[in-house]
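Take a look at the structure set out below.
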Amino acid sequence: MNMDINVKEYMKSVNHDPLKSSDFNFCKFKYSDSKDKFNNNILVLFHGLGDNPTNFINFGKKISLPQTAIVALRAPFPIPFFDEGTGWYPSFDNYGELFTSSCPLRMQGLLKTREIVGRFVEVLVNKYKYDYRQIFFFGFSQGGTAALDAAIFGTKNAIGGVISISGYLLEEEKKMGVKECQQKWSIINKSVPIFITQGSSDDTISVKEAQDNAKFIKSLCGDFSHKIIQGKNHTMVSSQVETRAIMEFFSKFLHIRNVKLESMSNLYEL
């Protein structure tokens with residue numbers, strides 16, 4: 001039996017250069033190369049409300065993903081009477097009262113964040129030559145909201161994946177529904193892989209609210225999974241169970257180079 005075999009030359013991966021702040025004059029961030037010195041992927045971190053990039057870059061270093069550079073963005077919106085941390089959209093009025101979903105400043109702010117993150121990704125792709133699928137987002141709480149929003153609506157192509165810890169799309173977006181979101185914003189990256197973890201004892205978002213929010217996100221993007229962590233409150237990653245689930249997600253989608261094979265000359269793959 002005759003078989004036609006398509007042989008293509010094996011292409012080496014690019015070890016991407018460290019990020020320079022001068023290439024991103026529209027935002028602030030903390031950056032660190034991959035611990036193994038192979039920047040084949042990049043993990044973009046979105047801190048929670050009132051936090052800062054320094055704390056989150058330390059988390060990125062701690063999980064130490066192979067062949068993955070890390071960059072922690074600084075949220076663009078200041079918080080009244082609070083100098084240290086920032087938010088991804090306006091959350092408090094000048095009296096320190098929390099805005100509700102009826103306040104248009106929330107959505108307006110999130111759209112600004114979406115624009116910033118979209119520009120950030122385009123520099124990664126065009127200047128640093130990352131493929132969209134080599135870019136990953138990770139956010140906590142409000143940072144998870146920003147990461148999800150940007151991954152679904154804000155990048156020109158689907159990125160490698162997004163993980164949100166106790167964060168969902170804004171209630172305003174859910175009220176709009178899939179059809180109106182589609183009409184209002186031309187981009188919906190339906191193929192981006194999404195993983196959200198949620199604590200069963202979360203005092204900010206109940207399990208029922210979380211499941212309703214997850215249902216809406218699943219209606220937008222098919223590659224979606226949602227895991228309830230028993231006994232967990234509204235906190236960052238805090239257990240082996242949650243950590244294992246997160247690492248399993250990354251193991252499916254990270255692009256890992258075989259450096260030994262790449263060093264072989266005239267390498268071909270079937």
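Labeling convention for the structure tokens: chains A, B, ... as they appear, residues from 1 per chain, ligands from 1 in order of appearance.
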Query raised in the report: Per DSSP on the backbone, what are the strand (DSSP E) residues of stretch 26-247 of chain A, as a PyMOL selection string?
Result: chain A and resi 29-32+41-46+68-73+77-79+82-87+135-140+161-165+194-199+224-229
For those residues, write N, CA and C atoms to a file as a short mmCIF file (atom, residue, chain, number, x, y, z; two decimals), in the first residue's frame.
```cif
data_model
loop_
_atom_site.label_atom_id
_atom_site.label_comp_id
_atom_site.auth_asym_id
_atom_site.auth_seq_id
_atom_site.Cartn_x
_atom_site.Cartn_y
_atom_site.Cartn_z
N PHE A 29 4.58 47.62 34.90
CA PHE A 29 4.59 46.20 35.20
C PHE A 29 5.90 45.80 35.88
N LYS A 30 5.90 44.60 36.45
CA LYS A 30 7.10 43.94 36.95
C LYS A 30 7.33 42.71 36.08
N TYR A 31 8.59 42.45 35.73
CA TYR A 31 8.89 41.35 34.80
C TYR A 31 9.99 40.46 35.36
N SER A 32 9.91 39.17 35.03
CA SER A 32 10.97 38.23 35.38
C SER A 32 11.09 37.16 34.29
N ASN A 41 7.03 30.76 26.67
CA ASN A 41 5.68 31.25 26.94
C ASN A 41 5.81 32.48 27.82
N ILE A 42 4.71 33.22 27.98
CA ILE A 42 4.70 34.32 28.94
C ILE A 42 3.37 34.33 29.69
N LEU A 43 3.47 34.44 31.01
CA LEU A 43 2.29 34.46 31.89
C LEU A 43 2.07 35.89 32.36
N VAL A 44 0.91 36.45 32.02
CA VAL A 44 0.57 37.82 32.39
C VAL A 44 -0.32 37.76 33.63
N LEU A 45 0.11 38.40 34.71
CA LEU A 45 -0.58 38.32 35.99
C LEU A 45 -1.37 39.59 36.27
N PHE A 46 -2.60 39.40 36.79
CA PHE A 46 -3.50 40.50 37.12
C PHE A 46 -3.83 40.43 38.62
N THR A 68 8.64 29.65 30.95
CA THR A 68 7.59 30.67 30.96
C THR A 68 8.06 31.93 31.69
N ALA A 69 8.21 33.02 30.95
CA ALA A 69 8.48 34.32 31.57
C ALA A 69 7.22 34.80 32.28
N ILE A 70 7.38 35.70 33.24
CA ILE A 70 6.22 36.21 33.97
C ILE A 70 6.25 37.74 33.99
N VAL A 71 5.07 38.32 33.87
CA VAL A 71 4.95 39.77 33.93
C VAL A 71 3.67 40.11 34.71
N ALA A 72 3.81 40.93 35.73
CA ALA A 72 2.67 41.34 36.55
C ALA A 72 2.32 42.78 36.21
N LEU A 73 1.14 42.97 35.64
CA LEU A 73 0.69 44.31 35.27
C LEU A 73 0.18 45.07 36.50
N PHE A 77 -6.27 52.03 37.75
CA PHE A 77 -7.16 52.97 38.45
C PHE A 77 -6.80 53.09 39.93
N PRO A 78 -6.51 54.33 40.40
CA PRO A 78 -6.22 54.53 41.82
C PRO A 78 -7.45 54.30 42.69
N ILE A 79 -7.20 54.03 43.95
CA ILE A 79 -8.27 53.83 44.92
C ILE A 79 -8.26 55.02 45.88
N PHE A 82 -6.12 55.51 49.31
CA PHE A 82 -5.29 54.31 49.41
C PHE A 82 -4.17 54.43 48.39
N ASP A 83 -2.97 54.67 48.87
CA ASP A 83 -1.85 54.98 47.98
C ASP A 83 -1.16 53.76 47.39
N GLU A 84 -1.22 52.65 48.07
CA GLU A 84 -0.41 51.50 47.68
C GLU A 84 -0.95 50.74 46.47
N GLY A 85 -2.22 50.34 46.54
CA GLY A 85 -2.77 49.46 45.52
C GLY A 85 -3.68 50.18 44.54
N THR A 86 -4.05 49.48 43.48
CA THR A 86 -4.91 50.03 42.43
C THR A 86 -5.96 49.00 42.03
N GLY A 87 -6.87 49.40 41.12
CA GLY A 87 -7.93 48.51 40.65
C GLY A 87 -8.01 48.51 39.14
N ILE A 135 0.81 33.02 25.01
CA ILE A 135 0.49 34.05 26.02
C ILE A 135 -0.64 33.54 26.91
N PHE A 136 -0.44 33.65 28.23
CA PHE A 136 -1.43 33.17 29.20
C PHE A 136 -1.74 34.27 30.21
N PHE A 137 -2.99 34.31 30.65
CA PHE A 137 -3.43 35.28 31.66
C PHE A 137 -3.77 34.54 32.95
N PHE A 138 -3.49 35.20 34.08
CA PHE A 138 -3.84 34.65 35.40
C PHE A 138 -4.24 35.81 36.28
N GLY A 139 -5.45 35.76 36.86
CA GLY A 139 -5.90 36.87 37.70
C GLY A 139 -6.66 36.39 38.92
N PHE A 140 -6.62 37.22 39.96
CA PHE A 140 -7.38 36.94 41.18
C PHE A 140 -8.47 37.97 41.38
N GLY A 161 -4.46 30.61 27.05
CA GLY A 161 -5.39 30.23 28.11
C GLY A 161 -5.47 31.29 29.18
N VAL A 162 -6.52 31.23 29.99
CA VAL A 162 -6.70 32.18 31.08
C VAL A 162 -7.22 31.44 32.31
N ILE A 163 -6.61 31.75 33.45
CA ILE A 163 -7.05 31.20 34.74
C ILE A 163 -7.52 32.35 35.61
N SER A 164 -8.69 32.20 36.18
CA SER A 164 -9.23 33.19 37.11
C SER A 164 -9.50 32.53 38.45
N ILE A 165 -9.01 33.15 39.50
CA ILE A 165 -9.27 32.68 40.86
C ILE A 165 -10.35 33.57 41.46
N ILE A 194 -10.38 28.37 29.20
CA ILE A 194 -10.63 29.12 30.44
C ILE A 194 -10.80 28.14 31.60
N PHE A 195 -10.16 28.47 32.73
CA PHE A 195 -10.31 27.68 33.94
C PHE A 195 -10.52 28.63 35.11
N ILE A 196 -11.59 28.40 35.88
CA ILE A 196 -11.91 29.25 37.03
C ILE A 196 -12.03 28.36 38.27
N THR A 197 -11.39 28.79 39.36
CA THR A 197 -11.59 28.12 40.64
C THR A 197 -12.42 29.02 41.55
N GLN A 198 -13.20 28.39 42.42
CA GLN A 198 -14.14 29.11 43.29
C GLN A 198 -14.21 28.40 44.63
N GLY A 199 -14.12 29.17 45.72
CA GLY A 199 -14.23 28.57 47.04
C GLY A 199 -15.67 28.30 47.44
N PHE A 224 -14.14 25.51 28.50
CA PHE A 224 -14.30 26.13 29.81
C PHE A 224 -14.45 25.07 30.89
N SER A 225 -13.77 25.29 32.01
CA SER A 225 -13.96 24.42 33.17
C SER A 225 -13.98 25.25 34.45
N HIS A 226 -14.72 24.74 35.43
CA HIS A 226 -15.01 25.48 36.66
C HIS A 226 -14.89 24.51 37.82
N LYS A 227 -14.04 24.83 38.79
CA LYS A 227 -13.82 23.90 39.90
C LYS A 227 -14.11 24.58 41.23
N ILE A 228 -14.97 23.94 42.03
CA ILE A 228 -15.27 24.42 43.37
C ILE A 228 -14.28 23.81 44.35
N ILE A 229 -13.59 24.67 45.12
CA ILE A 229 -12.62 24.21 46.11
C ILE A 229 -13.29 24.20 47.48
#
```
Requested in this report: Within 12 Å of A:Lys215, counting only C-alpha atoms, which residues show up once you throw out same-chain ones fewer than 2 positions away? Write them as a VMD selection string, please.
Outcome: chain A and resid 168 to 169 174 177 to 178 196 208 to 213 217 to 222 224 to 226
Query raised in the report: If you run DSSP on the backbone, which residues of stretch 147-216 of chain A are helix (DSSP H, G or I), as a ChimeraX atom specification?
Result: /A:147-154,171-184,207-216
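With distances taken over only C-alpha atoms, A:Tyr128 is the one residue among A:Ala158, A:His255, A:Tyr128, A:Asp36 lying closest to A:Leu19.
In terms of minimum interatomic distance to A:Tyr132, A:Asn157 ranks closest within A:Gln240, A:Asn157, A:Ser91, A:Ser191, counting only C-alpha atoms.
Closest to A:Leu254 among A:Pro104, A:Pro80, A:Gly109, A:Pro193 is A:Pro193, based on only C-alpha atoms.
Of the residues listed (A:Leu105, A:Leu148, A:Ile159, A:Ile57), A:Leu105 shows the shortest atom-to-atom separation from A:Pro90; distances use only C-alpha atoms.
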Query raised in the report: Pick from A:Gly60, A:Gly118, A:Pro53, A:Gly143: nearest to A:Phe26, with only C-alpha atoms counted?
Result: A:Gly118
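Between atom CA of A:Thr145 and atom CA of A:Ile246 the separation is 17.3 Å.
Note that atom CA of A:Ser206 and atom CA of A:Phe249 are 23.9 Å apart.
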Query raised in the report: For the atom pair atom CA of A:Gln134 and atom CA of A:Asn40, what is the interatomic distance in Å to one decimal place?
Result: 7.1 Å
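Remark: for A:Tyr89, the closest of the candidate residues A:Leu170, A:Cys181, A:Met176, A:Val121 is A:Leu170 (distances computed over only C-alpha atoms).
When the distance limit is 8 Å and only C-alpha atoms are what count, the residues near A:Lys35, minus those fewer than 3 positions from it on the same chain, are Phe38, Lys61, Ser64, Pro66, Gln67, Thr68 and Ala69 of chain A.
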Go ahead and write the residues just picked, C-alpha atoms, as a compact mmCIF listing (two decimals), in the first residue's frame.
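Output saved as out.txt:
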```txt
# COMPACT_ATOMS: atom_id res chain seq x y z
CA PHE A 38 13.83 29.68 28.15
CA LYS A 61 8.07 33.03 40.68
CA SER A 64 7.81 28.51 38.57
CA PRO A 66 8.77 25.77 32.96
CA GLN A 67 9.93 27.84 29.99
CA THR A 68 7.59 30.67 30.96
CA ALA A 69 8.48 34.32 31.57
```
